[in-house]
Structures are given as C-alpha cells and as structure tokens.
Amino acid sequence: MTYVRHHGQGNLESAAPGDASACGQTEMTSFDEVYDQPDPRHFFRLLGRWDYQTPHHAQGVFRRVAAARAAAPLTVLDLCCSYGINAALLNHDLTLEDLYAHYTSPQAAALTTAELIEWDRVYYAAHRLPDAHRVIGLDIAANAISYALAVGLLDEGFAENLEAAPPTPALLRAVQPTLVVTVTGGASFLSPRTFQPLLAAAHEQVWIAAFVLRTGSYRHIADGLTPHGLITEKAAAPSYRQRRFTSVHEQRYAITAVTAAGEDPRGRETDGYFHTELHLSRPAKDTAALPLTTFTSESV
C-alpha cells in the first residue's frame with residue numbers, strides 16, 4: 001500500500017526503499033519517485049542497483065503460509081502491493097531475478113507503457129500457476145495499482161490510505177474471504193488503524209505475514225492485532241537482506257537503530273545491508289499446531 005511514502009514494495013521501508021520521512025525514517029534514502037509510475041521499469045532499474053531482494057525471500061514464505069491455510073486457492077490481501085510484485089511471485093513460475101531481467105531488458109526499454117502492458121499480459125499468462133490464488137492489492141499508489149490490474153496480477157486493487165480515511169465499502173466487501181495478509185514493505189508507516197477494519201470485515205480469522213525492517217518496531221501493530229485473537233511471533237532466524245546501503249551515513253543510522261532496539265547488527269547491518277525479520281500473526285491454536293520454523297526455509 002505504499003502507504004505513507006511509501007509505496008511499495010510497496011514501500012520498501014526505505015525511508016527505506018522505501019520509505020520516507022514519516023516514523024523517524026529521515027536517515028534513510030528516499031525512493032519515492034519509483035513507486036507510482038505508470039509501469040514498474042524505473043522501480044526495477046533503480047532498486048536493482050541496490051540489490052533490493054525482500055520479495056525473493058518472501059516468495060517461499062508466502063507460498064508455505066498460503067498452503068498451510070487452505071488446500072485450494074485462497075484469497076490473499078497484499079498491503080503496500082505496489083506493482084503487484086508479490087502477486088507475480090506467488091502465482092507464477094517466476095523469480096525476482098526473472099522480473100529484474102524482464103523489466104531492465106532492451107525489449108522492455110523500447111516499449112511504451114501501453115505496449116509493455118500488452119507484453120506483460122502475455123508474459124504473466126504464460127507463467128501462471130494452475131493453482132493461483134486470488135490476490136487483492138491495497139496501496140495508495142494509484143498508477144501502480146492500475147498497472148497490476150491491467151496485466152492481470154491483481155484480481156482486485158484499491159488505491160486507498162487507511163491511515164488517513166476509513167476503507168470504502170467496496171474494499172470491505174472484497175476482503176471478506178481473505179485468509180492471508182502479506183506485507184513486504186511499508187510496515188514502518190502502518191498502524192493498527194489500517195489492519196483493524198480489514199480484520200473486522202474478514203469472515204474468518206486471517207494470518208498476517210510481514211517482513212519488517214530491523215531498524216524499527218512492529219510492536220504497536222502486533223499489540224493492535226491481539227484484540228482480534230492473533231498472536232504475533234517473530235522469527236529468531238534467519239533475518240533477510242532487504243537492500244544495500246546507499247551510503248556510510250545510512251549504514252551508521254541502521255546500526256545505531258538496530259542496536260537501540262536491542263538487536264545485534266554484527267554480520268547483518270555491519271555487512272552492508274538493511275535486514276528484515278519475519279513476523280507472523282495467527283490464532284493461538286495455529287501457533288501451537290505449526291511452529292514458526294515451518295515457514296522460514298530459504299527455498300522457494
């Protein structure tokens with residue numbers, strides 16, 4: 001939902017890639033200009049320079065989470081969905097590396113946005129998995145939502161900011177069958193205000209899988225999920241590289257922030273990358289039945 005910045009991949013939490021100046025993220029480089037373009041080419045060109053990789057790490061986790069929730073295809077709500085990258089990786093036999101190659105290729109560069117959309121419709125249709133899930137996207141970036149809908153990555157998409165206004169009736173109707181909520185960027189800009197009306201509208205208790213930068217805290221969101229019967233667990237290991245630092249100043253900020261949060265930056269932020277950690281929120285009965293380590297293998 002690219003939320004306050006955001007956006008993107010939705011929000012890369014940059015400042016992080018993502019994310020900008022809200023929530024004390026002013027020490028991080030802003031990539032705001034890539035999140036609401038007519039198509040994702042600039043996103044992949046710029047963030048590829050900094051080895052942005054969170055969707056790669058999330059791909060296998062999200063697939064395992066979805067499989068644990070239902071044997072048949074289910075409805076997934078992707079917050080800060082941006083151009084539908086998580087949906088592309090969830091529902092297609094593609095990797096993030098494939099998407100970088102696709103959108104930075106000479107063929108892609110030569111196309112207009114309209115031509116790229118037509119090319120991408122064929123591209124994604126050719127790679128779609130037979131058991132693809134229904135994906136709803138939520139992001140404040142209207143152009144990114146429009147692109148993801150046009151190429152068939154999203155079944156429904158909504159350009160709304162629930163931090164600033166209540167959800168529309170259409171959004172509340174769409175999320176009713178949701179069983180899984182995913183987040184790979186933008187958590188720094190979200191609060192329980194975004195999650196609560198969505199959880200209240202869902203017909204069943206959902207699982208929420210979020211990759212959160214180690215420079216911030218997820219506690220306020222986790223606390224806000226408790227009244228909905230969800231217990232949030234944070235994976236002790238592994239952590240996941242998000243992107244390379246753009247400067248020594250940015251790295252110094254990250255090391256200081258992680259240390260202040262009571263975490264050890266050695267071998268992670270000290271090695272030149274922002275890192276995220278998986279937070280999974282589920283009902284207590286589900287945490288007992290399936291340990292968190294079930295979902296944290298690096299393989300897709």
# chains A, B, ... in the order shown; residues from 1 in each chain; ligands from 1
>>> residues_around(residues="Gly157 (chain A)", least_positions_apart="3", cutoff="10 Å", atoms="only C-alpha atoms", output="ChimeraX atom specification")
/A:77-78,81,84,135-139,142,144-149,153-154,160,171,174
>>> residues_around(residues="region 198-210 of chain A", least_positions_apart="3", cutoff="9 Å", atoms="only C-alpha atoms", output="compact mmCIF listing (two decimals) with N, CA and C atoms, in the first residue's frame")
# COMPACT_ATOMS: atom_id res chain seq x y z
N ALA A 58 10.48 -13.43 0.52
CA ALA A 58 9.08 -13.62 0.91
C ALA A 58 8.38 -14.66 0.06
N VAL A 61 8.16 -18.09 1.69
CA VAL A 61 7.41 -17.98 2.94
C VAL A 61 5.92 -17.83 2.66
N PHE A 62 5.58 -16.92 1.75
CA PHE A 62 4.16 -16.68 1.46
C PHE A 62 3.50 -17.91 0.84
N VAL A 65 2.89 -20.29 3.72
CA VAL A 65 1.80 -19.79 4.57
C VAL A 65 0.45 -20.05 3.90
N ARG A 69 -2.81 -22.61 5.09
CA ARG A 69 -4.13 -22.08 5.38
C ARG A 69 -5.24 -22.82 4.65
N PRO A 167 -11.84 2.59 5.17
CA PRO A 167 -11.92 1.87 3.89
C PRO A 167 -13.27 2.07 3.23
N LEU A 171 -13.90 -1.99 -0.81
CA LEU A 171 -12.75 -2.68 -0.25
C LEU A 171 -13.17 -3.66 0.83
N LEU A 172 -14.06 -3.25 1.71
CA LEU A 172 -14.50 -4.13 2.78
C LEU A 172 -15.20 -5.38 2.23
N ARG A 173 -15.95 -5.21 1.16
CA ARG A 173 -16.59 -6.38 0.55
C ARG A 173 -15.54 -7.31 -0.05
N VAL A 175 -12.45 -7.87 0.77
CA VAL A 175 -11.57 -8.59 1.69
C VAL A 175 -12.30 -9.62 2.54
N GLN A 176 -13.58 -9.75 2.41
CA GLN A 176 -14.33 -10.67 3.26
C GLN A 176 -13.79 -12.10 3.24
N PRO A 177 -13.43 -12.65 2.08
CA PRO A 177 -12.93 -14.03 2.08
C PRO A 177 -11.43 -14.18 2.37
N THR A 178 -10.76 -13.11 2.73
CA THR A 178 -9.31 -13.14 2.93
C THR A 178 -8.92 -14.11 4.04
N LEU A 179 -7.89 -14.90 3.77
CA LEU A 179 -7.32 -15.80 4.77
C LEU A 179 -5.88 -15.44 5.13
N VAL A 180 -5.19 -14.74 4.20
CA VAL A 180 -3.79 -14.37 4.42
C VAL A 180 -3.58 -12.91 4.04
N VAL A 181 -2.88 -12.17 4.89
CA VAL A 181 -2.46 -10.80 4.58
C VAL A 181 -0.93 -10.80 4.51
N THR A 182 -0.38 -10.20 3.46
CA THR A 182 1.07 -10.16 3.29
C THR A 182 1.57 -8.72 3.26
N VAL A 183 2.79 -8.53 3.76
CA VAL A 183 3.42 -7.21 3.76
C VAL A 183 4.92 -7.42 3.55
N THR A 184 5.49 -6.78 2.53
CA THR A 184 6.95 -6.82 2.37
C THR A 184 7.58 -5.45 2.42
N GLY A 185 6.81 -4.43 2.61
CA GLY A 185 7.34 -3.09 2.72
C GLY A 185 6.27 -2.16 3.25
N ALA A 187 5.67 -1.41 6.54
CA ALA A 187 5.21 -1.62 7.91
C ALA A 187 5.54 -0.43 8.80
N THR A 194 -4.86 0.66 10.02
CA THR A 194 -5.02 0.02 8.71
C THR A 194 -5.58 -1.39 8.85
N PHE A 195 -5.07 -2.13 9.80
CA PHE A 195 -5.42 -3.54 9.91
C PHE A 195 -6.81 -3.79 10.49
N LEU A 225 -3.25 -6.19 16.95
CA LEU A 225 -3.84 -7.41 16.40
C LEU A 225 -4.37 -8.33 17.50
N HIS A 228 -8.02 -9.08 18.06
CA HIS A 228 -8.63 -9.89 17.01
C HIS A 228 -8.23 -11.37 17.14
N GLY A 229 -7.63 -11.71 18.26
CA GLY A 229 -7.28 -13.10 18.53
C GLY A 229 -6.01 -13.57 17.85
N LEU A 230 -5.15 -12.64 17.44
CA LEU A 230 -3.92 -13.01 16.74
C LEU A 230 -2.70 -12.82 17.62
N THR A 232 1.38 -12.65 17.63
CA THR A 232 2.46 -12.36 16.69
C THR A 232 3.76 -12.96 17.17
N GLU A 277 12.99 -8.99 9.28
CA GLU A 277 12.66 -10.21 10.00
C GLU A 277 11.19 -10.53 9.76
N LEU A 278 10.88 -11.81 9.73
CA LEU A 278 9.52 -12.25 9.52
C LEU A 278 8.73 -12.19 10.81
N HIS A 279 7.56 -11.54 10.75
CA HIS A 279 6.59 -11.55 11.84
C HIS A 279 5.33 -12.22 11.33
N LEU A 280 4.89 -13.25 12.02
CA LEU A 280 3.70 -13.99 11.60
C LEU A 280 2.67 -13.95 12.72
N SER A 281 1.48 -13.43 12.40
CA SER A 281 0.39 -13.28 13.37
C SER A 281 -0.69 -14.30 13.05
N ARG A 282 -1.04 -15.13 14.08
CA ARG A 282 -2.01 -16.21 13.89
C ARG A 282 -2.78 -16.43 15.18
N PRO A 283 -3.92 -17.14 15.10
CA PRO A 283 -4.60 -17.56 16.33
C PRO A 283 -3.72 -18.53 17.11
>>> residues_around(residues="Gln37 (chain A)", least_positions_apart="6", cutoff="9 Å", atoms="only C-alpha atoms", output="MDAnalysis selection string")
chainID A and resid 43 141 143:144
>>> write_last_selection(atoms="C-alpha atoms", output="mmCIF file, in the first residue's frame")
data_model
loop_
_atom_site.group_PDB
_atom_site.id
_atom_site.type_symbol
_atom_site.label_atom_id
_atom_site.label_comp_id
_atom_site.auth_asym_id
_atom_site.auth_seq_id
_atom_site.Cartn_x
_atom_site.Cartn_y
_atom_site.Cartn_z
ATOM 1 C CA PHE A 43 11.384 0.622 -9.985
ATOM 2 C CA ALA A 141 -0.179 4.462 -5.451
ATOM 3 C CA ASN A 143 -0.739 4.198 -11.046
ATOM 4 C CA ALA A 144 0.897 1.093 -9.615
#
>>> closest_residue(among="A:His133, A:Arg244, A:Arg63, A:His56", to="Thr29 (chain A)", atoms="only C-alpha atoms")
A:Arg244
>>> closest_residue(among="A:Tyr123, A:Phe31, A:Tyr218, A:Tyr103", to="Ala261 (chain A)", atoms="only C-alpha atoms")
A:Tyr218
>>> select_by_dssp(residues="region 255-286 of chain A", states="alpha helix (DSSP H)", output="list in words")
Ile255, Thr256, Ala257, Val258, Thr259, Ala260, Ala284, Lys285 and Asp286 of chain A
>>> write_last_selection(atoms="C-alpha atoms", output="JSON list (two decimals), in the first residue's frame")
[["chain", "number", "residue", "atom", "x", "y", "z"],
["A", 255, "ILE", "CA", 23.50, 0.05, 13.01],
["A", 256, "THR", "CA", 22.54, 2.63, 15.64],
["A", 257, "ALA", "CA", 18.81, 1.96, 15.26],
["A", 258, "VAL", "CA", 19.18, -1.82, 15.40],
["A", 259, "THR", "CA", 21.42, -1.60, 18.45],
["A", 260, "ALA", "CA", 18.94, 0.73, 20.18],
["A", 284, "ALA", "CA", -3.07, -19.40, 19.29],
["A", 285, "LYS", "CA", -4.31, -22.79, 18.10],
["A", 286, "ASP", "CA", -2.40, -22.34, 14.84]]
>>> atom_distance(atom1="CA of Leu111 (chain A)", atom2="CA of Phe158 (chain A)")
26.4 Å
>>> residues_around(residues="Gly48 (chain A)", least_positions_apart="2", cutoff="10 Å", atoms="only C-alpha atoms", output="ChimeraX atom specification")
/A:42-46,50-53,97,100-101,104,243-244
>>> write_last_selection(atoms="all heavy atoms", output="short mmCIF file (atom, residue, chain, number, x, y, z; two decimals), in the first residue's frame")
data_model
loop_
_atom_site.label_atom_id
_atom_site.label_comp_id
_atom_site.auth_asym_id
_atom_site.auth_seq_id
_atom_site.Cartn_x
_atom_site.Cartn_y
_atom_site.Cartn_z
N HIS A 42 11.13 1.69 -14.00
CA HIS A 42 12.05 2.53 -13.22
C HIS A 42 12.29 1.91 -11.85
O HIS A 42 13.41 1.96 -11.32
CB HIS A 42 11.47 3.94 -13.09
CG HIS A 42 12.40 4.92 -12.44
ND1 HIS A 42 13.75 4.96 -12.69
CD2 HIS A 42 12.16 5.90 -11.51
CE1 HIS A 42 14.31 5.92 -11.96
NE2 HIS A 42 13.38 6.50 -11.24
N PHE A 43 11.26 1.32 -11.27
CA PHE A 43 11.38 0.62 -9.98
C PHE A 43 12.50 -0.43 -10.07
O PHE A 43 13.40 -0.47 -9.21
CB PHE A 43 10.04 -0.03 -9.66
CG PHE A 43 10.03 -0.88 -8.41
CD1 PHE A 43 9.54 -0.37 -7.22
CD2 PHE A 43 10.47 -2.19 -8.43
CE1 PHE A 43 9.51 -1.16 -6.07
CE2 PHE A 43 10.45 -2.98 -7.30
CZ PHE A 43 9.97 -2.46 -6.11
N PHE A 44 12.45 -1.28 -11.07
CA PHE A 44 13.43 -2.35 -11.17
C PHE A 44 14.81 -1.84 -11.55
O PHE A 44 15.82 -2.37 -11.08
CB PHE A 44 12.94 -3.41 -12.16
CG PHE A 44 11.90 -4.32 -11.58
CD1 PHE A 44 10.55 -4.12 -11.87
CD2 PHE A 44 12.24 -5.35 -10.73
CE1 PHE A 44 9.58 -4.96 -11.32
CE2 PHE A 44 11.28 -6.19 -10.18
CZ PHE A 44 9.94 -5.99 -10.47
N ARG A 45 14.86 -0.81 -12.38
CA ARG A 45 16.18 -0.27 -12.74
C ARG A 45 16.87 0.33 -11.53
O ARG A 45 18.05 0.06 -11.27
CB ARG A 45 16.03 0.79 -13.84
CG ARG A 45 15.73 0.23 -15.23
CD ARG A 45 15.95 1.30 -16.29
NE ARG A 45 15.08 2.45 -16.11
CZ ARG A 45 13.89 2.60 -16.70
NH1 ARG A 45 13.43 1.65 -17.52
NH2 ARG A 45 13.16 3.67 -16.50
N LEU A 46 16.16 1.15 -10.78
CA LEU A 46 16.79 1.85 -9.67
C LEU A 46 17.07 0.93 -8.49
O LEU A 46 18.18 0.90 -7.95
CB LEU A 46 15.91 3.03 -9.22
CG LEU A 46 16.45 3.85 -8.05
CD1 LEU A 46 17.84 4.41 -8.38
CD2 LEU A 46 15.50 4.98 -7.70
N TRP A 50 20.66 -1.38 -6.02
CA TRP A 50 20.92 -1.55 -4.59
C TRP A 50 20.52 -2.93 -4.10
O TRP A 50 20.41 -3.17 -2.91
CB TRP A 50 20.18 -0.45 -3.80
CG TRP A 50 20.59 0.92 -4.25
CD1 TRP A 50 19.89 1.80 -5.01
CD2 TRP A 50 21.86 1.53 -4.01
NE1 TRP A 50 20.62 2.92 -5.25
CE2 TRP A 50 21.84 2.79 -4.65
CE3 TRP A 50 23.01 1.14 -3.31
CZ2 TRP A 50 22.93 3.66 -4.62
CZ3 TRP A 50 24.09 2.01 -3.28
CH2 TRP A 50 24.04 3.25 -3.92
N ASP A 51 20.34 -3.84 -5.05
CA ASP A 51 20.11 -5.26 -4.73
C ASP A 51 18.90 -5.45 -3.82
O ASP A 51 18.94 -6.23 -2.86
CB ASP A 51 21.37 -5.85 -4.07
CG ASP A 51 21.36 -7.38 -4.04
OD1 ASP A 51 20.60 -7.98 -4.83
OD2 ASP A 51 22.11 -7.96 -3.24
N TYR A 52 17.82 -4.76 -4.12
CA TYR A 52 16.59 -4.94 -3.34
C TYR A 52 16.08 -6.36 -3.55
O TYR A 52 15.91 -6.81 -4.69
CB TYR A 52 15.53 -3.93 -3.78
CG TYR A 52 14.19 -4.18 -3.13
CD1 TYR A 52 14.04 -4.13 -1.75
CD2 TYR A 52 13.07 -4.48 -3.90
CE1 TYR A 52 12.81 -4.37 -1.15
CE2 TYR A 52 11.84 -4.72 -3.32
CZ TYR A 52 11.72 -4.66 -1.94
OH TYR A 52 10.50 -4.92 -1.35
N GLN A 53 15.81 -7.10 -2.47
CA GLN A 53 15.53 -8.52 -2.61
C GLN A 53 14.45 -9.07 -1.69
O GLN A 53 14.21 -10.28 -1.66
CB GLN A 53 16.82 -9.32 -2.42
CG GLN A 53 17.55 -9.04 -1.12
CD GLN A 53 18.93 -9.69 -1.07
OE1 GLN A 53 19.10 -10.76 -0.51
NE2 GLN A 53 19.91 -9.02 -1.67
N GLU A 97 14.62 -12.49 -9.74
CA GLU A 97 15.67 -12.31 -10.75
C GLU A 97 15.08 -12.27 -12.15
O GLU A 97 15.51 -11.48 -13.00
CB GLU A 97 16.69 -13.44 -10.64
CG GLU A 97 17.88 -13.30 -11.57
CD GLU A 97 18.91 -14.40 -11.39
OE1 GLU A 97 18.73 -15.24 -10.49
OE2 GLU A 97 19.90 -14.42 -12.15
N TYR A 100 13.60 -8.80 -12.63
CA TYR A 100 14.64 -7.80 -12.90
C TYR A 100 15.10 -7.90 -14.36
O TYR A 100 15.24 -6.88 -15.05
CB TYR A 100 15.84 -8.02 -11.97
CG TYR A 100 15.71 -7.35 -10.62
CD1 TYR A 100 15.71 -8.08 -9.44
CD2 TYR A 100 15.61 -5.96 -10.53
CE1 TYR A 100 15.59 -7.46 -8.21
CE2 TYR A 100 15.50 -5.32 -9.31
CZ TYR A 100 15.50 -6.09 -8.15
OH TYR A 100 15.38 -5.45 -6.93
N ALA A 101 15.34 -9.12 -14.83
CA ALA A 101 15.80 -9.29 -16.21
C ALA A 101 14.74 -8.83 -17.21
O ALA A 101 15.06 -8.20 -18.23
CB ALA A 101 16.16 -10.76 -16.45
N THR A 104 14.34 -4.78 -17.10
CA THR A 104 15.53 -3.99 -17.46
C THR A 104 16.09 -4.40 -18.82
O THR A 104 17.16 -3.95 -19.20
CB THR A 104 16.62 -4.14 -16.39
OG1 THR A 104 17.03 -5.52 -16.30
CG2 THR A 104 16.14 -3.66 -15.04
N ARG A 243 18.11 -4.54 1.18
CA ARG A 243 18.88 -3.90 0.10
C ARG A 243 20.18 -3.39 0.67
O ARG A 243 20.36 -3.28 1.88
CB ARG A 243 18.11 -2.73 -0.52
CG ARG A 243 17.86 -1.57 0.42
CD ARG A 243 17.50 -0.30 -0.36
NE ARG A 243 17.08 0.79 0.51
CZ ARG A 243 17.90 1.66 1.07
NH1 ARG A 243 19.21 1.57 0.89
NH2 ARG A 243 17.42 2.65 1.83
N ARG A 244 21.11 -3.06 -0.22
CA ARG A 244 22.38 -2.48 0.21
C ARG A 244 22.18 -1.04 0.67
O ARG A 244 21.26 -0.35 0.21
CB ARG A 244 23.40 -2.51 -0.93
CG ARG A 244 23.93 -3.90 -1.23
CD ARG A 244 25.09 -3.86 -2.23
NE ARG A 244 24.63 -3.49 -3.57
CZ ARG A 244 24.92 -2.34 -4.16
NH1 ARG A 244 25.64 -1.41 -3.54
NH2 ARG A 244 24.48 -2.09 -5.38
#
>>> closest_residue(among="A:His127, A:Arg252, A:Arg134, A:Arg121", to="Asp155 (chain A)", atoms="only C-alpha atoms")
A:Arg134
>>> atom_distance(atom1="CA of Ala87 (chain A)", atom2="CA of Tyr124 (chain A)")
10.6 Å
>>> select_by_dssp(residues="region 92-218 of chain A", states="strand (DSSP E or B)", output="number ranges by chain")
A: 92, 128, 134-138, 156-158, 178-183, 207-213
>>> closest_residue(among="A:Ser239, A:Ser191, A:Gln107, A:Thr95", to="Trp119 (chain A)", atoms="only C-alpha atoms")
A:Gln107
>>> residues_around(residues="Ile85 (chain A)", least_positions_apart="4", cutoff="9 Å", atoms="only C-alpha atoms", output="NGL selection string")
:A and (9-10 or 55 or 81 or 89-90 or 96 or 99 or 148 or 153)
>>> write_last_selection(atoms="N, CA, C and O atoms", output="compact mmCIF listing (two decimals), in the first residue's frame")
# COMPACT_ATOMS: atom_id res chain seq x y z
N GLN A 9 6.44 -1.81 -2.74
CA GLN A 9 7.01 -2.83 -2.49
C GLN A 9 7.57 -2.16 -1.94
O GLN A 9 8.53 -1.76 -2.27
N GLY A 10 5.96 -2.21 -2.09
CA GLY A 10 5.35 -1.33 -1.69
C GLY A 10 5.98 -0.70 -0.74
O GLY A 10 6.16 -0.88 0.13
N PRO A 55 11.14 -9.30 -1.79
CA PRO A 55 10.14 -10.20 -2.41
C PRO A 55 10.69 -11.59 -2.71
O PRO A 55 9.94 -12.57 -2.67
N CYS A 81 1.03 -3.05 -1.94
CA CYS A 81 1.29 -4.03 -3.01
C CYS A 81 2.08 -3.47 -4.17
O CYS A 81 2.62 -4.23 -4.98
N LEU A 89 5.12 -13.20 -7.89
CA LEU A 89 5.96 -14.28 -7.39
C LEU A 89 5.15 -15.38 -6.71
O LEU A 89 5.55 -16.54 -6.69
N LEU A 90 4.01 -15.03 -6.16
CA LEU A 90 3.16 -16.03 -5.51
C LEU A 90 2.49 -16.94 -6.53
O LEU A 90 2.40 -18.15 -6.33
N LEU A 96 12.28 -13.35 -8.58
CA LEU A 96 12.55 -11.92 -8.62
C LEU A 96 13.65 -11.61 -9.63
O LEU A 96 13.61 -10.59 -10.33
N LEU A 99 12.14 -11.18 -12.93
CA LEU A 99 11.47 -9.89 -13.10
C LEU A 99 12.47 -8.77 -13.34
O LEU A 99 12.24 -7.88 -14.17
N ALA A 148 -0.95 -3.12 -12.14
CA ALA A 148 -1.08 -4.50 -11.67
C ALA A 148 -2.42 -5.11 -12.07
O ALA A 148 -2.50 -6.30 -12.38
N LEU A 153 -2.15 -9.20 -12.61
CA LEU A 153 -1.51 -9.67 -11.38
C LEU A 153 -2.46 -9.60 -10.20
O LEU A 153 -2.39 -10.43 -9.29
>>> closest_residue(among="A:His249, A:Arg49, A:Arg241, A:Arg41", to="His275 (chain A)", atoms="only C-alpha atoms")
A:Arg241
>>> closest_residue(among="A:Pro197, A:Gly272, A:Gly152, A:Gly224", to="Ala165 (chain A)", atoms="only C-alpha atoms")
A:Pro197
